[in-house]
Amino acid sequence: MNNPILESKIQDFINQNIGTSLAQLALQKNPFPEVEWIDILKQIEAKTKSKDKLPHWFKTNNIIYPTKVSIEQTSSEKTAKYKSSLISGDSLIDLTGGFGIDDFYFAKRIKNVAHCEINSELSSIVKHNLAQLSIDNIDCYEGDSKETLEKLNQKWDWIYIDPSRRNDAKGKVFMLQDCLPNVPENLDYYFNYSDKLLIKTAPLLDLSSGLSELKNVKTIHIIALENDVKELLWEIHKEYQGETTIKTVNLTKEKEESFSFEMNQNERLPNYGLPQKYLYEPNSAIMKSGGFDEVGIQFNLDKLHKHSHLYTSTTLIDFPGRIFEIENYIPYAKSEMKKVLEKGKANITTRNFPETVENIRKKWKIKDGGNRYCFFTTIENNDKIVLICNKIQ
């Protein structure tokens with residue numbers, strides 16, 4: 001790729017200014033008049049954004065970066081690597097290739113990967129970067145992915161799609177039909193080219209809404225990174241007619257927290273009970289899944305209230321979420337709150353409680369921080385209580 005931004009002196013300058021204030025740099029005179037100053041600043045900005053999110057790209061020489069927005073919207077390496085564990089076979093076509101992070105990891109498990117990208121400049125950037133990354137089993141196709149699909153005219157083991165929301169859909173409830181490409185509208189068309197589809201959506205999409213628009217959904221994967229839900233993956237198999245399985249994973253520095261259950265299974269209710277020795281708060285992926293009863297049932301825990309989504313036990317268990325030892329719990333009443341206020345500081349969480357954290361802090365003059373964790377919640381008889389806890393995990 002004959003791009004002056006790749007000249008060694010310019011690459012050195014970019015690397016030396018990672019993390020530097022762009023506002024300060026913008027006031028400087030361009031030391032490389034052969035290249036637009038704004039283009040160099042954009043490379044510094046995008047590469048800085050990539051340091052933690054895309055470490056393999058960040059450490060590789062002569063990588064060209066797209067806009068900062070593209071970096072923000074692309075998958076992280078951690079989620080892309082997990083995603084690749086869900087697929088197998090000989091061929092995959094990505095109809096919305098973007099910066100190519102997902103395809104890089106797909107290519108480690110699939111023999112032949114096709115990267116389709118309608119933006120010609122981005123397609124060229126990805127092709128260049130793949131060469132720097134020593135990847136030779138990804139073919140880049142510039143232009144409309146539907147035309148590419150028809151031109152190649154082959155059966156793929158997988159089709160991967162990350163639809164983007166149309167500008168005219170702003171302000172509406174997030175629906176797949178408001179995205180490009182329109183997956184629900186084209187689903188039968190895609191089945192002409194593959195029996196298996198993997199659709200990535202933002203976590204904003206409601207699960208029931210997605211299921212109402214799609215068919216043959218075998219599994220919905222909910223992926224969180226450090227307890228922040230990053231994406232939903234809809235695994236669709238052409239002939240599948242069974243119940244949909246929900247699989248959640250929270251990728252942390254220490255481990256993978258996994259939990260799964262089948263939707264619409266026979267109605268089972270958890271046990272309800274008063275707080276015991278330990279308190280459990282599910283991670284964000286489980287909270288997104290809506291499998292609140294299943295958590296209590298599978299882990300044999302008592303639930304504090306139908307809508308509180310907090311669980312308790314007398315013995316400590318391994319659990320996909322935060323774990324606390326309950327020091328005490330008190331009624332939420334003025335006469336009792338002095339027990340919370342004694343040390344002046346607390347980390348506050350509300351679950352199924354009529355007041356916000358901000359209001360509680362202001363009302364009782366509780367500062368943030370310290371080693372105590374206070375859960376303001378409701379128990380089964382609808383009494384409001386405060387759980388005073390120490391964090392274990």
# chains A, B, ... in the order shown; residues from 1 in each chain; ligands from 1

call {"tool": "residues_around", "arguments": {"residues": "A:Trp37", "least_positions_apart": "6", "cutoff": "10 Å", "atoms": "only C-alpha atoms", "output": "MDAnalysis selection string"}}
result
chainID A and resid 25:26 28:31

call {"tool": "write_last_selection", "arguments": {"atoms": "C-alpha atoms", "output": "CSV table (one decimal), in the first residue's frame"}}
result
chain,number,residue,atom,x,y,z
A,25,LEU,CA,-0.6,18.6,19.0
A,26,ALA,CA,-3.1,20.4,16.8
A,28,GLN,CA,1.9,22.6,16.5
A,29,LYS,CA,3.2,23.1,13.0
A,30,ASN,CA,3.0,20.0,10.8
A,31,PRO,CA,6.6,18.5,10.7

call {"tool": "residues_around", "arguments": {"residues": "A:Ala285", "least_positions_apart": "4", "cutoff": "6 Å", "atoms": "only C-alpha atoms", "output": "list in words"}}
result
Ile222, Ala224, Val229 and Thr248 of chain A

call {"tool": "residues_around", "arguments": {"residues": "stretch 286-289 of chain A", "least_positions_apart": "3", "cutoff": "9 Å", "atoms": "only C-alpha atoms", "output": "ChimeraX atom specification"}}
result
/A:203,206-207,222,229,246-250,258-260,282-283,292,295,309,320-321

call {"tool": "write_last_selection", "arguments": {"atoms": "all heavy atoms", "output": "compact mmCIF listing (two decimals), in the first residue's frame"}}
result
# COMPACT_ATOMS: atom_id res chain seq x y z
N PRO A 203 -25.83 -4.71 22.66
CA PRO A 203 -26.59 -5.20 23.82
C PRO A 203 -27.90 -4.45 24.04
O PRO A 203 -28.75 -4.90 24.80
CB PRO A 203 -25.62 -4.99 24.99
CG PRO A 203 -24.59 -4.04 24.51
CD PRO A 203 -24.50 -4.20 23.03
N ASP A 206 -33.39 -5.80 22.68
CA ASP A 206 -34.14 -6.63 23.61
C ASP A 206 -34.22 -8.06 23.07
O ASP A 206 -34.49 -8.27 21.88
CB ASP A 206 -35.54 -6.05 23.79
CG ASP A 206 -36.39 -6.85 24.75
OD1 ASP A 206 -36.11 -6.81 25.95
OD2 ASP A 206 -37.31 -7.54 24.26
N LEU A 207 -34.01 -9.05 23.94
CA LEU A 207 -33.98 -10.45 23.49
C LEU A 207 -35.32 -10.87 22.88
O LEU A 207 -35.35 -11.51 21.82
CB LEU A 207 -33.62 -11.38 24.65
CG LEU A 207 -32.25 -11.19 25.31
CD1 LEU A 207 -31.98 -12.33 26.27
CD2 LEU A 207 -31.13 -11.09 24.29
N ILE A 222 -24.60 -13.98 25.13
CA ILE A 222 -24.48 -12.64 25.73
C ILE A 222 -23.05 -12.51 26.26
O ILE A 222 -22.66 -13.23 27.18
CB ILE A 222 -25.50 -12.43 26.85
CG1 ILE A 222 -26.92 -12.65 26.32
CG2 ILE A 222 -25.36 -11.04 27.45
CD1 ILE A 222 -28.00 -12.61 27.38
N VAL A 229 -21.63 -5.59 29.44
CA VAL A 229 -22.12 -6.34 28.28
C VAL A 229 -21.75 -5.60 27.00
O VAL A 229 -22.09 -4.42 26.81
CB VAL A 229 -23.66 -6.53 28.34
CG1 VAL A 229 -24.15 -7.28 27.10
CG2 VAL A 229 -24.04 -7.32 29.59
N ILE A 246 -29.97 -19.76 26.03
CA ILE A 246 -29.26 -18.52 26.35
C ILE A 246 -27.94 -18.90 27.01
O ILE A 246 -27.92 -19.62 28.01
CB ILE A 246 -30.06 -17.64 27.33
CG1 ILE A 246 -31.47 -17.36 26.79
CG2 ILE A 246 -29.32 -16.33 27.59
CD1 ILE A 246 -31.53 -16.48 25.59
N LYS A 247 -26.83 -18.42 26.44
CA LYS A 247 -25.52 -18.65 27.02
C LYS A 247 -24.89 -17.31 27.35
O LYS A 247 -24.77 -16.44 26.49
CB LYS A 247 -24.62 -19.43 26.06
CG LYS A 247 -25.07 -20.87 25.83
CD LYS A 247 -24.04 -21.66 25.03
CE LYS A 247 -24.47 -23.13 24.92
NZ LYS A 247 -23.47 -23.94 24.16
N THR A 248 -24.50 -17.14 28.61
CA THR A 248 -23.87 -15.90 29.03
C THR A 248 -22.41 -16.16 29.40
O THR A 248 -22.07 -17.22 29.91
CB THR A 248 -24.58 -15.28 30.25
OG1 THR A 248 -24.28 -16.03 31.42
CG2 THR A 248 -26.09 -15.26 30.05
N VAL A 249 -21.57 -15.18 29.12
CA VAL A 249 -20.18 -15.27 29.54
C VAL A 249 -19.70 -13.88 29.94
O VAL A 249 -20.02 -12.89 29.28
CB VAL A 249 -19.28 -15.86 28.42
CG1 VAL A 249 -19.25 -14.96 27.19
CG2 VAL A 249 -17.86 -16.11 28.93
N ASN A 250 -18.99 -13.81 31.04
CA ASN A 250 -18.34 -12.58 31.49
C ASN A 250 -16.85 -12.83 31.48
O ASN A 250 -16.34 -13.65 32.26
CB ASN A 250 -18.83 -12.20 32.90
CG ASN A 250 -18.18 -10.92 33.41
OD1 ASN A 250 -17.91 -10.00 32.64
ND2 ASN A 250 -17.91 -10.86 34.70
N SER A 258 -19.36 -18.38 33.21
CA SER A 258 -20.36 -18.86 32.25
C SER A 258 -21.63 -19.31 32.96
O SER A 258 -21.59 -19.83 34.07
CB SER A 258 -19.78 -20.03 31.45
OG SER A 258 -18.64 -19.61 30.72
N PHE A 259 -22.73 -19.10 32.28
CA PHE A 259 -24.03 -19.54 32.79
C PHE A 259 -24.97 -19.68 31.60
O PHE A 259 -24.96 -18.85 30.68
CB PHE A 259 -24.61 -18.51 33.77
CG PHE A 259 -25.99 -18.83 34.26
CD1 PHE A 259 -26.20 -19.85 35.18
CD2 PHE A 259 -27.09 -18.13 33.80
CE1 PHE A 259 -27.47 -20.16 35.63
CE2 PHE A 259 -28.37 -18.41 34.25
CZ PHE A 259 -28.56 -19.43 35.17
N SER A 260 -25.76 -20.77 31.57
CA SER A 260 -26.67 -20.96 30.44
C SER A 260 -27.96 -21.61 30.92
O SER A 260 -28.01 -22.28 31.95
CB SER A 260 -26.01 -21.81 29.36
OG SER A 260 -25.70 -23.09 29.83
N PRO A 282 -25.64 -11.45 40.52
CA PRO A 282 -25.24 -11.96 39.21
C PRO A 282 -24.49 -10.91 38.38
O PRO A 282 -24.71 -9.70 38.54
CB PRO A 282 -26.57 -12.31 38.54
CG PRO A 282 -27.55 -12.45 39.66
CD PRO A 282 -27.09 -11.50 40.72
N ASN A 283 -23.61 -11.38 37.50
CA ASN A 283 -22.90 -10.45 36.62
C ASN A 283 -23.85 -9.85 35.58
O ASN A 283 -24.99 -10.26 35.43
CB ASN A 283 -21.68 -11.12 35.96
CG ASN A 283 -22.06 -12.28 35.05
OD1 ASN A 283 -23.02 -12.19 34.27
ND2 ASN A 283 -21.30 -13.36 35.10
N PHE A 292 -33.36 -14.91 35.86
CA PHE A 292 -33.24 -14.65 37.30
C PHE A 292 -33.68 -15.83 38.15
O PHE A 292 -33.06 -16.11 39.19
CB PHE A 292 -34.05 -13.40 37.66
CG PHE A 292 -33.70 -12.20 36.83
CD1 PHE A 292 -34.67 -11.56 36.07
CD2 PHE A 292 -32.40 -11.71 36.80
CE1 PHE A 292 -34.34 -10.46 35.30
CE2 PHE A 292 -32.07 -10.61 36.03
CZ PHE A 292 -33.04 -9.98 35.27
N VAL A 295 -31.02 -18.82 37.90
CA VAL A 295 -29.80 -18.65 38.72
C VAL A 295 -30.01 -19.28 40.09
O VAL A 295 -29.18 -20.05 40.58
CB VAL A 295 -29.42 -17.16 38.86
CG1 VAL A 295 -28.28 -17.00 39.85
CG2 VAL A 295 -29.02 -16.59 37.52
N HIS A 309 -33.51 -9.83 42.52
CA HIS A 309 -32.40 -10.50 41.82
C HIS A 309 -31.12 -10.52 42.65
O HIS A 309 -30.01 -10.31 42.13
CB HIS A 309 -32.17 -9.85 40.45
CG HIS A 309 -33.43 -9.68 39.66
ND1 HIS A 309 -34.44 -10.62 39.65
CD2 HIS A 309 -33.86 -8.65 38.87
CE1 HIS A 309 -35.43 -10.19 38.88
NE2 HIS A 309 -35.11 -9.01 38.40
N PRO A 320 -21.12 -16.96 39.32
CA PRO A 320 -20.77 -16.01 38.25
C PRO A 320 -21.24 -14.59 38.54
O PRO A 320 -22.23 -14.11 37.99
CB PRO A 320 -21.49 -16.61 37.03
CG PRO A 320 -22.67 -17.32 37.61
CD PRO A 320 -22.22 -17.85 38.94
N GLY A 321 -20.54 -13.93 39.42
CA GLY A 321 -20.91 -12.57 39.80
C GLY A 321 -20.18 -12.16 41.06
O GLY A 321 -19.18 -12.78 41.45

call {"tool": "residues_around", "arguments": {"residues": "stretch 323-328 of chain A", "least_positions_apart": "2", "cutoff": "12 Å", "atoms": "only C-alpha atoms", "output": "PDB file with C-alpha atoms, in the first residue's frame"}}
result
ATOM      1  CA  LEU A 274     -34.292 -14.201  54.322  1.00  0.00           C
ATOM      2  CA  PRO A 275     -30.639 -13.138  54.046  1.00  0.00           C
ATOM      3  CA  GLN A 276     -28.228 -15.793  55.330  1.00  0.00           C
ATOM      4  CA  LYS A 277     -24.434 -15.693  55.596  1.00  0.00           C
ATOM      5  CA  TYR A 278     -23.558 -14.941  51.957  1.00  0.00           C
ATOM      6  CA  LEU A 279     -25.020 -12.645  49.307  1.00  0.00           C
ATOM      7  CA  TYR A 280     -24.711 -13.141  45.540  1.00  0.00           C
ATOM      8  CA  GLU A 281     -25.187 -10.556  42.791  1.00  0.00           C
ATOM      9  CA  PRO A 282     -25.236 -11.957  39.206  1.00  0.00           C
ATOM     10  CA  ASN A 283     -22.896 -10.450  36.619  1.00  0.00           C
ATOM     11  CA  LEU A 310     -30.171 -11.021  44.843  1.00  0.00           C
ATOM     12  CA  TYR A 311     -29.461 -14.478  46.240  1.00  0.00           C
ATOM     13  CA  THR A 312     -28.259 -15.925  49.531  1.00  0.00           C
ATOM     14  CA  SER A 313     -26.883 -19.093  51.141  1.00  0.00           C
ATOM     15  CA  THR A 314     -25.448 -20.369  54.418  1.00  0.00           C
ATOM     16  CA  THR A 315     -22.386 -21.925  52.733  1.00  0.00           C
ATOM     17  CA  LEU A 316     -20.044 -20.253  50.244  1.00  0.00           C
ATOM     18  CA  ILE A 317     -20.254 -21.373  46.603  1.00  0.00           C
ATOM     19  CA  ASP A 318     -18.498 -20.434  43.361  1.00  0.00           C
ATOM     20  CA  PHE A 319     -20.794 -18.026  41.526  1.00  0.00           C
ATOM     21  CA  PRO A 320     -20.772 -16.014  38.249  1.00  0.00           C
ATOM     22  CA  GLY A 321     -20.908 -12.573  39.796  1.00  0.00           C
ATOM     23  CA  ILE A 330     -31.401  -3.898  59.150  1.00  0.00           C
ATOM     24  CA  PRO A 331     -34.830  -2.487  58.368  1.00  0.00           C
ATOM     25  CA  GLU A 336     -31.649   1.833  62.295  1.00  0.00           C
ATOM     26  CA  LYS A 339     -25.597   1.482  61.950  1.00  0.00           C
ATOM     27  CA  VAL A 340     -24.872   2.266  58.295  1.00  0.00           C
ATOM     28  CA  ASN A 371     -14.576  -1.447  52.379  1.00  0.00           C
ATOM     29  CA  ARG A 372     -18.263  -1.758  53.263  1.00  0.00           C
ATOM     30  CA  TYR A 373     -20.933  -2.588  50.712  1.00  0.00           C
ATOM     31  CA  CYS A 374     -24.541  -1.711  51.413  1.00  0.00           C
ATOM     32  CA  PHE A 375     -27.398  -3.182  49.401  1.00  0.00           C
ATOM     33  CA  ILE A 385     -33.923  -3.548  54.195  1.00  0.00           C
ATOM     34  CA  VAL A 386     -30.247  -2.635  54.083  1.00  0.00           C
ATOM     35  CA  LEU A 387     -27.675  -5.418  53.792  1.00  0.00           C
ATOM     36  CA  ILE A 388     -24.287  -4.465  55.260  1.00  0.00           C
ATOM     37  CA  CYS A 389     -21.623  -6.614  53.642  1.00  0.00           C
ATOM     38  CA  ASN A 390     -17.942  -7.257  53.063  1.00  0.00           C
ATOM     39  CA  LYS A 391     -16.863  -8.177  49.529  1.00  0.00           C
ATOM     40  CA  ILE A 392     -15.361 -11.632  48.994  1.00  0.00           C
ATOM     41  CA  GLN A 393     -15.214 -11.716  45.176  1.00  0.00           C
TER      42      GLN A 393
END

call {"tool": "select_by_dssp", "arguments": {"residues": "stretch 252-283 of chain A", "states": "strand (DSSP E)", "output": "number ranges by chain"}}
result
A: 256-262, 271-272, 278-282

call {"tool": "closest_residue", "arguments": {"among": "A:Lys345, A:Lys303, A:Arg361, A:Lys253", "to": "A:Glu380", "atoms": "only C-alpha atoms"}}
result
A:Lys303

call {"tool": "residues_around", "arguments": {"residues": "A:Gly98", "least_positions_apart": "2", "cutoff": "7 Å", "atoms": "only C-alpha atoms", "output": "list in words"}}
result
Thr96, Gly100 and Glu117 of chain A

call {"tool": "write_last_selection", "arguments": {"atoms": "N, CA and C atoms", "output": "PDB file, in the first residue's frame"}}
result
ATOM      1  N   THR A  96     -20.137  -7.876   6.638  1.00  0.00           N
ATOM      2  CA  THR A  96     -19.952  -6.508   7.159  1.00  0.00           C
ATOM      3  C   THR A  96     -18.566  -6.415   7.793  1.00  0.00           C
ATOM      4  N   GLY A 100     -11.990  -5.708  10.507  1.00  0.00           N
ATOM      5  CA  GLY A 100     -11.471  -7.064  10.338  1.00  0.00           C
ATOM      6  C   GLY A 100     -11.006  -7.783  11.590  1.00  0.00           C
ATOM      7  N   GLU A 117     -16.493  -5.546   2.465  1.00  0.00           N
ATOM      8  CA  GLU A 117     -16.589  -4.198   3.017  1.00  0.00           C
ATOM      9  C   GLU A 117     -16.946  -3.222   1.900  1.00  0.00           C
TER      10      GLU A 117
END

call {"tool": "residues_around", "arguments": {"residues": "A:Tyr65", "least_positions_apart": "2", "cutoff": "12 Å", "atoms": "only C-alpha atoms", "output": "ChimeraX atom specification"}}
result
/A:5-6,11,14,39-51,54,57-58,60-63,67-72,74,98-100,121-129

call {"tool": "closest_residue", "arguments": {"among": "A:Ile93, A:Tyr193, A:Ile236, A:Trp158", "to": "A:Leu211", "atoms": "only C-alpha atoms"}}
result
A:Ile236

call {"tool": "select_by_dssp", "arguments": {"residues": "stretch 148-374 of chain A", "states": "alpha helix (DSSP H)", "output": "VMD selection string"}}
result
chain A and resid 148 to 152 183 to 190 207 to 213 284 to 289 292 to 298 338 to 341 357 to 364

call {"tool": "residues_around", "arguments": {"residues": "A:Thr219", "least_positions_apart": "3", "cutoff": "7 Å", "atoms": "only C-alpha atoms", "output": "list in words"}}
result
Trp234, Glu235, Thr244, Thr245 and Ile246 of chain A

call {"tool": "write_last_selection", "arguments": {"atoms": "N, CA, C and O atoms", "output": "tab-separated table (two decimals), in the first residue's frame"}}
result
chain	number	residue	atom	x	y	z
A	234	TRP	N	-26.39	-13.97	17.84
A	234	TRP	CA	-27.57	-14.77	17.52
A	234	TRP	C	-27.13	-15.89	16.58
A	234	TRP	O	-26.79	-15.64	15.42
A	235	GLU	N	-27.12	-17.10	17.10
A	235	GLU	CA	-26.69	-18.27	16.31
A	235	GLU	C	-27.94	-18.90	15.67
A	235	GLU	O	-28.81	-19.41	16.38
A	244	THR	N	-34.79	-22.04	22.24
A	244	THR	CA	-33.55	-21.25	22.19
A	244	THR	C	-32.82	-21.35	23.52
A	244	THR	O	-33.42	-21.23	24.59
A	245	THR	N	-31.52	-21.58	23.45
A	245	THR	CA	-30.66	-21.60	24.63
A	245	THR	C	-30.00	-20.25	24.80
A	245	THR	O	-29.53	-19.65	23.83
A	246	ILE	N	-29.97	-19.76	26.03
A	246	ILE	CA	-29.26	-18.52	26.35
A	246	ILE	C	-27.94	-18.90	27.01
A	246	ILE	O	-27.92	-19.62	28.01

call {"tool": "closest_residue", "arguments": {"among": "A:Leu176, A:Leu198, A:Leu92, A:Cys116", "to": "A:Lys155", "atoms": "only C-alpha atoms"}}
result
A:Leu92
